[in-house]
Amino acid sequence: MTTTVALAGSTGSIGTQTLEVVAAEPGRFEVVALGASGRNLDALVAQVEAIRPRVVAVADASTAADAQARLPGVEVRAGRDGLASLGSEADVCVNGVVGFAGLEVTLAALEAGKRLALANKESLIAGGPVVQRARRTPGAELVPIDSEHGAIHQCLRSRDELGPPRVARLVLTASGGPFRGRTAEQLAGVSVQDALAHPTWSMGPKITVDSSTLMNKGLEVIEAHELFGAPAGAHGVGIGFDEIDVVVHPQSIVHSMVTYTDGSTIAQLSMPTMHLPIGYALAWPDRLGTAFGAIDWTELSRLDFEPPDLGAFRCLALAYEAGRAGGLAPAWLSAANEVAVDAFLKGEIGWADIAGVCAAVLDRHDGAPADDVASVIDADRRARERARSVVRATSTRTTA
Ligand code: MG
């Protein structure tokens with residue numbers, strides 16, 4: 001049976017790789033809806049002409065009119081609501097939108113009782129309690145595309161099949177990014193170009209900078225807690241922030257691990273390619289027939305592991321702090337980070353200032369509860385305002 005797919009963020013890195021996975025198994029998946037920001041309209045139009053989906057959504061409402069003119073006979077929906085409407089269009093909705101803008105897509109897919117294949121970690125991190133409520137919609141399921149969480153999902157499969165959980169720890173691996181092993185002093189003057197030169201993964205600019213600061217790993221710790229956290233009691237074992245570890249693993253072959261109460265660790269290994277976790281989320285509970293990421297064991301000679309340097313990479317510690325605070329604190333951190341990364345990419349602040357902006361904004365977090373979508377959007381807005389003012393103060397100080 002063909003699985004229908006709606007793809008939000010189709011022109012980005014996850015979007016284009018999703019289309020490659022779909023193309024690898026003809027007849028298995030059918031892309032019925034495509035959506036994008038509209039910033040790269042030529043690419044979106046080319047995708048629509050090649051794939052012929054029923055529905056297209058363009059988040060930027062003014063660009064949507066251009067898109068409609070260039071795509072006669074195709075239904076083009078405009079604005080963030082138009083993009084979110086893709087959530088209910090297919091069996092699976094792939095959310096490959098970048099940043100907080102993905103929140104509505106996440107909620108729409110879950111509230112429609114669909115499977116959400118989630119690459120947009122920011123929506124889960126910022127909107128945690130609201131997304132958790134949406135996950136309880138009958139039929140709704142969330143399969144992570146993030147490679148670490150896809151790995152943990154795979155490591156836990158036997159648990160699901162065999163009965164009560166006896167999970168002791170989750171271990172997220174981190175490549176360490178381009179600056180692994182550098183001291184805080186050596187990191188002071190790194191450039192945008194340096195930060196974008198990731199040693200093992202090819203990704204969009206925002207997540208690549210997040211990898212260089214280890215904020216990506218920090219956000220993934222919160223993501224893991226949202227996805228796999230469990231209160232102690234039910235089976236005598238709980239998974240909170242104290243039970244989620246990060247280990248630096250420069251080869252990016254082990255994508256994450258689960259340690260069970262008897263000391264046994266189950267890991268998921270494959271070459272670093274997003275095609276595998278994307279295909280896993282599309283095909284689940286089945287598996288793809290295409291061996292993306294298969295390891296050539298005659299070539300792989302070693303796997304190294306080392307602890308992260310929390311002194312030089314402060315963003316990781318900030319994420320644990322925000323995660324433990326709970327409520328809207330992760331929303332404040334994620335919004336501050338988006339603003340700081342954007343300012344860094346524009347040359348307004350230095351790399352080392354990213355952590356400073358995030359810390360200054362997180363300090364202002366007021367502990368308000370995440371009751372509804374409006375409170376999440378309000379927290380995001382206030383955190384961005386605060387972050388922009390810290391960025392202005394920082395860039396004036398730097399250029400003075
Ligand atoms: Mg990841």
# chains A, B, ... in the order shown; residues from 1 in each chain; ligands from 1
>>> closest_atom_pairs(of="chain A", to="ligand 1", cutoff="8 Å", atoms="only C-alpha atoms and all ligand atoms", output="tab-separated table")
residue	atom	partner	partner_atom_place_in_ligand_line	distance
A:Asp146	CA	ligand 1	1 (Mg)	4.5
A:Ser147	CA	ligand 1	1 (Mg)	4.9
A:Glu148	CA	ligand 1	1 (Mg)	5.2
A:His149	CA	ligand 1	1 (Mg)	7.3
A:Asn216	CA	ligand 1	1 (Mg)	7.1
A:Lys217	CA	ligand 1	1 (Mg)	7.2
A:Glu220	CA	ligand 1	1 (Mg)	6.7
>>> write_last_selection(atoms="all heavy atoms", output="mmCIF file, in the first residue's frame")
data_model
loop_
_atom_site.group_PDB
_atom_site.id
_atom_site.type_symbol
_atom_site.label_atom_id
_atom_site.label_comp_id
_atom_site.auth_asym_id
_atom_site.auth_seq_id
_atom_site.Cartn_x
_atom_site.Cartn_y
_atom_site.Cartn_z
ATOM 1 N N ASP A 146 15.500 13.390 13.651
ATOM 2 C CA ASP A 146 16.818 13.721 14.196
ATOM 3 C C ASP A 146 17.574 12.398 14.390
ATOM 4 O O ASP A 146 17.044 11.449 14.971
ATOM 5 C CB ASP A 146 16.623 14.443 15.546
ATOM 6 C CG ASP A 146 17.739 15.426 15.829
ATOM 7 O OD1 ASP A 146 18.756 15.393 15.106
ATOM 8 O OD2 ASP A 146 17.586 16.223 16.774
ATOM 9 N N SER A 147 18.819 12.322 13.890
ATOM 10 C CA SER A 147 19.483 11.014 13.814
ATOM 11 C C SER A 147 19.669 10.372 15.183
ATOM 12 O O SER A 147 19.529 9.149 15.327
ATOM 13 C CB SER A 147 20.827 11.148 13.091
ATOM 14 O OG SER A 147 21.660 12.047 13.780
ATOM 15 N N GLU A 148 19.956 11.199 16.200
ATOM 16 C CA GLU A 148 20.176 10.647 17.549
ATOM 17 C C GLU A 148 18.888 10.036 18.102
ATOM 18 O O GLU A 148 18.907 8.974 18.715
ATOM 19 C CB GLU A 148 20.657 11.751 18.497
ATOM 20 C CG GLU A 148 22.027 12.328 18.165
ATOM 21 C CD GLU A 148 22.021 13.316 17.014
ATOM 22 O OE1 GLU A 148 20.927 13.586 16.442
ATOM 23 O OE2 GLU A 148 23.103 13.809 16.669
ATOM 24 N N HIS A 149 17.799 10.753 17.890
ATOM 25 C CA HIS A 149 16.526 10.294 18.456
ATOM 26 C C HIS A 149 15.955 9.155 17.646
ATOM 27 O O HIS A 149 15.309 8.254 18.185
ATOM 28 C CB HIS A 149 15.581 11.490 18.575
ATOM 29 C CG HIS A 149 16.237 12.617 19.332
ATOM 30 N ND1 HIS A 149 17.166 13.434 18.732
ATOM 31 C CD2 HIS A 149 16.159 12.988 20.618
ATOM 32 C CE1 HIS A 149 17.627 14.285 19.631
ATOM 33 N NE2 HIS A 149 17.033 14.045 20.785
ATOM 34 N N ASN A 216 23.211 22.497 19.535
ATOM 35 C CA ASN A 216 22.401 21.457 18.895
ATOM 36 C C ASN A 216 22.271 20.246 19.824
ATOM 37 O O ASN A 216 21.182 19.710 20.003
ATOM 38 C CB ASN A 216 23.019 21.053 17.557
ATOM 39 C CG ASN A 216 22.180 20.005 16.847
ATOM 40 O OD1 ASN A 216 20.990 20.191 16.639
ATOM 41 N ND2 ASN A 216 22.790 18.876 16.501
ATOM 42 N N LYS A 217 23.387 19.864 20.438
ATOM 43 C CA LYS A 217 23.325 18.698 21.338
ATOM 44 C C LYS A 217 22.491 19.028 22.568
ATOM 45 O O LYS A 217 21.733 18.194 23.062
ATOM 46 C CB LYS A 217 24.739 18.265 21.718
ATOM 47 C CG LYS A 217 24.878 16.820 22.070
ATOM 48 C CD LYS A 217 24.293 15.877 21.026
ATOM 49 C CE LYS A 217 24.802 16.145 19.616
ATOM 50 N NZ LYS A 217 24.178 15.248 18.619
ATOM 51 N N GLU A 220 19.038 18.810 21.706
ATOM 52 C CA GLU A 220 18.695 17.387 21.546
ATOM 53 C C GLU A 220 18.508 16.682 22.883
ATOM 54 O O GLU A 220 17.751 15.713 22.981
ATOM 55 C CB GLU A 220 19.766 16.684 20.702
ATOM 56 C CG GLU A 220 19.685 17.111 19.245
ATOM 57 C CD GLU A 220 20.699 16.449 18.350
ATOM 58 O OE1 GLU A 220 21.613 15.768 18.855
ATOM 59 O OE2 GLU A 220 20.591 16.607 17.121
#
>>> residues_around(residues="Gly347 in chain A", least_positions_apart="4", cutoff="10 Å", atoms="only C-alpha atoms", output="ChimeraX atom specification")
/A:191-192,341-343,351,395
>>> residues_around(residues="Val74 in chain A", least_positions_apart="5", cutoff="10 Å", atoms="only C-alpha atoms", output="JSON list (two decimals) with N, CA, C and O atoms, in the first residue's frame")
[["chain", "number", "residue", "atom", "x", "y", "z"],
["A", 48, "VAL", "N", 7.52, 21.15, -7.65],
["A", 48, "VAL", "CA", 6.09, 20.94, -7.93],
["A", 48, "VAL", "C", 5.92, 20.40, -9.34],
["A", 48, "VAL", "O", 5.13, 19.47, -9.58],
["A", 49, "GLU", "N", 6.69, 20.95, -10.29],
["A", 49, "GLU", "CA", 6.56, 20.49, -11.67],
["A", 49, "GLU", "C", 7.02, 19.04, -11.81],
["A", 49, "GLU", "O", 6.48, 18.28, -12.61],
["A", 52, "ARG", "N", 4.27, 16.96, -9.00],
["A", 52, "ARG", "CA", 2.83, 17.14, -9.22],
["A", 52, "ARG", "C", 1.99, 16.81, -7.96],
["A", 52, "ARG", "O", 1.10, 15.94, -8.02],
["A", 53, "PRO", "N", 2.25, 17.48, -6.84],
["A", 53, "PRO", "CA", 1.42, 17.25, -5.65],
["A", 53, "PRO", "C", 0.04, 17.87, -5.83],
["A", 53, "PRO", "O", -0.14, 18.74, -6.69],
["A", 54, "ARG", "N", -0.93, 17.44, -5.01],
["A", 54, "ARG", "CA", -2.27, 18.02, -5.04],
["A", 54, "ARG", "C", -2.25, 19.46, -4.52],
["A", 54, "ARG", "O", -2.99, 20.31, -4.98],
["A", 55, "VAL", "N", -1.44, 19.67, -3.48],
["A", 55, "VAL", "CA", -1.47, 20.93, -2.74],
["A", 55, "VAL", "C", -0.05, 21.46, -2.55],
["A", 55, "VAL", "O", 0.87, 20.68, -2.34],
["A", 56, "VAL", "N", 0.06, 22.79, -2.64],
["A", 56, "VAL", "CA", 1.34, 23.45, -2.36],
["A", 56, "VAL", "C", 1.06, 24.55, -1.34],
["A", 56, "VAL", "O", 0.01, 25.21, -1.41],
["A", 67, "ALA", "N", 3.81, 32.27, -6.71],
["A", 67, "ALA", "CA", 3.81, 30.82, -6.88],
["A", 67, "ALA", "C", 2.55, 30.38, -7.64],
["A", 67, "ALA", "O", 2.62, 29.57, -8.56],
["A", 68, "GLN", "N", 1.40, 30.95, -7.25],
["A", 68, "GLN", "CA", 0.15, 30.58, -7.92],
["A", 68, "GLN", "C", 0.20, 30.95, -9.41],
["A", 68, "GLN", "O", -0.24, 30.17, -10.26],
["A", 69, "ALA", "N", 0.77, 32.12, -9.71],
["A", 69, "ALA", "CA", 0.88, 32.54, -11.11],
["A", 69, "ALA", "C", 1.75, 31.58, -11.92],
["A", 69, "ALA", "O", 1.49, 31.33, -13.09]]
>>> residues_around(residues="range 280-285 of chain A", least_positions_apart="4", cutoff="8 Å", atoms="only C-alpha atoms", output="NGL selection string")
:A and (92 or 117 or 143-145 or 150 or 276)
>>> residues_around(residues="Pro205 in chain A", least_positions_apart="2", cutoff="10 Å", atoms="only C-alpha atoms", output="number ranges by chain")
A: 13, 192, 195-197, 202-203, 207-211, 341-342, 345
>>> closest_residue(among="A:Asp60, A:Glu89, A:Glu243, A:Glu75", to="Leu7 in chain A", atoms="only C-alpha atoms")
A:Glu89
>>> closest_residue(among="A:Ala59, A:Leu333, A:Val22, A:Ala174", to="Asp309 in chain A", atoms="only C-alpha atoms")
A:Ala174
>>> residues_around(residues="Ala317 in chain A", least_positions_apart="6", cutoff="9 Å", atoms="only C-alpha atoms", output="MDAnalysis selection string")
chainID A and resid 215 218 310:311
>>> atom_distance(atom1="CA of Val76 in chain A", atom2="CA of Ser62 in chain A")
12.0 Å
>>> closest_residue(among="A:Arg397, A:Arg157, A:His198, A:His249", to="Ser175 in chain A", atoms="only C-alpha atoms")
A:His249
>>> select_by_dssp(residues="range 158-279 of chain A", states="strand (DSSP E or B)", output="ChimeraX atom specification")
/A:167-174,230,239,244-248,254-260,265-269
>>> closest_residue(among="A:Ala294, A:Val130, A:Val94, A:Ile354", to="Leu142 in chain A", atoms="only C-alpha atoms")
A:Val94
>>> atom_distance(atom1="CA of Thr11 in chain A", atom2="CA of Ala319 in chain A")
28.9 Å
>>> atom_distance(atom1="CA of Glu20 in chain A", atom2="CA of Pro199 in chain A")
22.6 Å
>>> select_by_dssp(residues="range 96-257 of chain A", states="helix (DSSP H, G or I)", output="PyMOL selection string")
chain A and resi 99-111+121-126+128-135+147-155+157-162+184-187+192-195+205-213+215-228+241-243
>>> closest_residue(among="A:Val221, A:Ala331, A:Leu118, A:Met274", to="Phe292 in chain A", atoms="only C-alpha atoms")
A:Met274
>>> closest_residue(among="A:Val247, A:Leu124, A:Leu362, A:Ile253", to="Pro272 in chain A", atoms="only C-alpha atoms")
A:Ile253
